[in-house]
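All remarks here apply to the structure that follows.
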Amino acid sequence: MFTRSVPFIILAAAMFGGAGASAAPSDEDCMACHSDPNLTKDMGNGVTKSMYLDAAVFSQSIHGAIGCVACHADIVDVPHDPDLKPVNCGECHAEAEAYTLSLHGKALASGDKDVGGCIDCHGKHDTRASSDPLSMTNPRNLAQTCGRCHSDAKLVKTHMVSISEPSESYLKGVHAKAIAAGNEKAAVCSDCHGAHEILPSNDASSPIAHAHIHETCGKCHEKEMAEFNRSIHGRALEAGIKDAPTCIDCHGEHDIEPPKASESAMAAQTVSRSTCPKCHEDETVMKKYGITTHLQASYMDSYHGMYSVAGGEVVASCASCHGAHAILPQDDPASSINPANVVKTCAQCHENATANFAASPVHVIPTDPGQRVLGFVRVAYIWLIIVVLGGMVVHNMLLMARHMVGKLREELHGADMHRRFSPGQTFGHLLLMITFIVLAISGFALRYPDNYWLKMIFFNGASIEMRSTIHRWAGAVLIALLMVHAAQALLTRKGRREMGAFLPKLQDVRDAFANIGYAVGLRKRPPTYDRFGYAEKLEYWGLMWGSVLMGVTGLCMWFAEDFMRYFSKLFLDIAATIHYYEAWLAVGTILVWHMYFVIFDPHSYPMNFAWLTGRISDEEFKKRHAKQYEREQKEAASTKEAGDQSSVLATSTVADAKDEA
């Protein structure tokens, strides 16, 4: 029911009470109530609806001249029945019948509350002619009108609309820009989808059905449609081939840009790299029609392709040779790539093109049987590369192996050697190295199961379960090694001393800067180190941190169900993310940092075998660990001096005893 001030209602009843039953209420009669901004209607469930009508707005509308009761025909008295019948626009507008057949009309008839009918697009009491700049259906405003529903994410999801935010896309395109520039003949939503009888794209009679899109676009682009109809694509579409492209497959649906725009799908840099290959490089589709694929690769290898990638704007693309709309097969006399027309086609860019120039294959494919000479040259050079470079690799590997064997023998059997690591440390490092390699390979084999080189390592037959088992048990070995190392470092005297040597110090920072200074020529000599330099300390603590982190996150994934009893899935996702990226960090550190100091450092090349022998030469010990060497020399001298003093004291005591005797 309506609610407003009681005295005003009584006054209105007194004013209209004596009116004849046959006299229809005037607009003034209606406005006596509806001009009140406070007039509302109780819709139930605590919802109220404003019944206020702005008389000035209504008078400016297209219906302002015919009055209220022309639409609200069931109003015969004032005050009227609060539950009026819905306005039937079809009594005056024949378009309403077409609307009932549309996607929107059927939804409305089915009780879909998201569809309001005519008023959603034309307005309610403010309806204006489409030619009126203020009209909701004016070409300048129609995209926003349609977008009120079609760009509503909730409605799009609820009603399974295939395209989200079409209005925003349209406003970026050439048609909207033309409208904004004053060309009201440019296409708007209703030109393509229809105004009232809007049908879904899967309806065969819809103007946006796949088979009719070129006709819809052709209403404005007549020349292009005529060329398309003659083309191989148009003929395929006419034959009912569903894979045949139509206008939107190349130009886009809503955000259509002019061909010269860099964002356009028809731009010279784009058409050959993505627009045409979208279909012509799809082996599944092309195989059905016996059309060759892999032509894009030959284009990209050509001068045209390379110049296009480099950003060249004036460059031949697929459309330059094959045409844009009138694309015809090579055996068609009218085709731009017919042998009789190729010179003319090439001459569009190459003024001095000759028959010899045009006779060469455009798509250079050495594996093509028609290009046997090229294929022979290709095969000959491939074998030449294999033999020459392969021979060089074998030659250099033999020399490197000889140097490595020589250095290994020297470190194993040389006389002037210093033991740097104990046999236990050497064995532990070897086991850690094997475990790390197994973890890295099996981990990436799980993350990238289709990678070709991982398939080779696992003989293409190792299942995910087998890879998981290998990875998990290697992880268990790593955790065990970590625990043994921690116990040895904390519970043994030697371990604590070794751990003390690994503790970071301010001197390490000075050494790092000094080493960089030496590298750039600011110092004449590199710094000298104690038992471990800053590079070794960084790697050691990185190993400890990474091992703990990989162990904890690995256990979270290994026993995921148990962990998720106490933590959310987000916790597990974070653990998996840390595990993955920490793996990349660990492998990268080994390859970039550790391999340099073990192999590529000039003092180590071709390899520092201390990881295997536990020994380094006395010369290297003095040079690279001078501080430890000096300290041990002092300790040895002190021990020797103490021993000499003890010997002198013992000799003196014996002499005194003899004298006494």
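Residues are named by chain letter and number: chains run A, B, ... in the order of the structure tokens, numbers start at 1 in each chain, and ligands are numbered from 1 in the order shown.
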
Contacts of region 541-544 of chain A within 12 Å, only C-alpha atoms, excl. fewer than 6 positions in-chain, as a PyMOL selection string: chain A and resi 429+432-433+436+478-479+481-483+485-486+499+502-504+534-535+550-551+582-583+585-590+593-594

Could you take the residues named above and write them with N, CA and C atoms, as a compact mmCIF listing (two decimals), in the first residue's frame?
# COMPACT_ATOMS: atom_id res chain seq x y z
N HIS A 429 80.58 -35.69 2.58
CA HIS A 429 80.37 -34.79 1.45
C HIS A 429 79.97 -35.57 0.20
N LEU A 432 76.44 -36.60 0.54
CA LEU A 432 75.59 -35.43 0.38
C LEU A 432 75.47 -35.05 -1.10
N MET A 433 76.58 -35.14 -1.83
CA MET A 433 76.58 -34.79 -3.24
C MET A 433 75.64 -35.71 -4.03
N PHE A 436 72.00 -34.95 -3.10
CA PHE A 436 71.54 -33.69 -3.70
C PHE A 436 71.19 -33.89 -5.17
N LEU A 478 68.90 -37.11 3.26
CA LEU A 478 69.38 -35.75 3.52
C LEU A 478 69.10 -35.33 4.96
N ILE A 479 67.89 -35.62 5.44
CA ILE A 479 67.54 -35.28 6.83
C ILE A 479 68.44 -36.05 7.80
N LEU A 481 71.51 -37.16 7.23
CA LEU A 481 72.84 -36.54 7.16
C LEU A 481 72.88 -35.26 7.97
N LEU A 482 71.82 -34.49 7.87
CA LEU A 482 71.75 -33.23 8.62
C LEU A 482 71.78 -33.49 10.12
N MET A 483 71.05 -34.50 10.58
CA MET A 483 71.01 -34.82 12.01
C MET A 483 72.36 -35.34 12.50
N HIS A 485 75.28 -34.68 11.19
CA HIS A 485 76.20 -33.54 11.20
C HIS A 485 75.97 -32.65 12.42
N ALA A 486 74.70 -32.43 12.76
CA ALA A 486 74.39 -31.58 13.91
C ALA A 486 74.90 -32.22 15.20
N MET A 499 82.93 -26.19 13.78
CA MET A 499 81.80 -25.26 13.71
C MET A 499 82.25 -23.84 14.02
N PHE A 502 83.50 -22.07 11.10
CA PHE A 502 82.48 -21.66 10.13
C PHE A 502 81.70 -20.42 10.57
N LEU A 503 81.86 -20.00 11.83
CA LEU A 503 81.08 -18.86 12.32
C LEU A 503 81.47 -17.58 11.57
N PRO A 504 80.49 -16.81 11.11
CA PRO A 504 80.78 -15.57 10.38
C PRO A 504 81.46 -14.55 11.30
N TYR A 534 85.12 -16.47 3.25
CA TYR A 534 83.73 -16.00 3.26
C TYR A 534 82.87 -16.78 2.26
N ALA A 535 83.43 -17.18 1.11
CA ALA A 535 82.66 -17.91 0.09
C ALA A 535 82.23 -19.27 0.63
N MET A 550 64.04 -27.28 3.20
CA MET A 550 63.57 -28.31 2.29
C MET A 550 63.07 -29.54 3.06
N GLY A 551 63.74 -29.85 4.17
CA GLY A 551 63.31 -30.99 4.97
C GLY A 551 61.94 -30.77 5.58
N GLU A 582 62.87 -22.93 -3.39
CA GLU A 582 64.12 -23.20 -2.68
C GLU A 582 64.96 -24.22 -3.46
N ALA A 583 64.28 -25.13 -4.16
CA ALA A 583 65.00 -26.10 -4.99
C ALA A 583 65.74 -25.39 -6.12
N LEU A 585 66.73 -22.31 -6.06
CA LEU A 585 67.80 -21.54 -5.44
C LEU A 585 68.99 -22.44 -5.12
N ALA A 586 68.72 -23.64 -4.61
CA ALA A 586 69.80 -24.56 -4.24
C ALA A 586 70.56 -25.02 -5.48
N VAL A 587 69.83 -25.44 -6.52
CA VAL A 587 70.49 -25.91 -7.74
C VAL A 587 71.28 -24.77 -8.39
N GLY A 588 70.68 -23.60 -8.41
CA GLY A 588 71.38 -22.44 -8.98
C GLY A 588 72.63 -22.09 -8.22
N THR A 589 72.59 -22.18 -6.90
CA THR A 589 73.77 -21.88 -6.08
C THR A 589 74.90 -22.87 -6.36
N ILE A 590 74.54 -24.13 -6.48
CA ILE A 590 75.56 -25.15 -6.76
C ILE A 590 76.21 -24.89 -8.13
N TRP A 593 77.80 -20.88 -7.96
CA TRP A 593 78.77 -20.55 -6.90
C TRP A 593 79.74 -21.69 -6.65
N HIS A 594 79.19 -22.87 -6.32
CA HIS A 594 80.04 -23.98 -5.92
C HIS A 594 80.91 -24.49 -7.07

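Remark: for Thr528 (chain A), the closest of the candidate residues A:Asp450, A:Ser206, A:Glu620, A:Ala476 is A:Glu620 (distances computed over only C-alpha atoms).
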
All alpha helix (DSSP H) positions in region 389-466 of chain A, as number ranges by chain: A: 389-413, 423-447, 452-457, 464-466

Neighbour list for Phe228 (chain A) as a ChimeraX atom specification, cut-off 12 Å, only C-alpha atoms, skip fewer than 2 positions in-chain: /A:213-215,217-218,221-226,230-238,244-247,323-328

Shell of 12 Å around region 596-598 of chain A, only C-alpha atoms, local chain residues under 2 positions omitted, as a list in words: Gly533, Ala535, Glu536, Glu539, Gly588, Thr589, Ile590, Leu591, Val592, Trp593, His594, Phe600, Asp601, Pro602, His603, Ser604, Tyr605, Pro606, Met607, Asn608, Phe609, Ala610, Trp611 and Leu612 of chain A
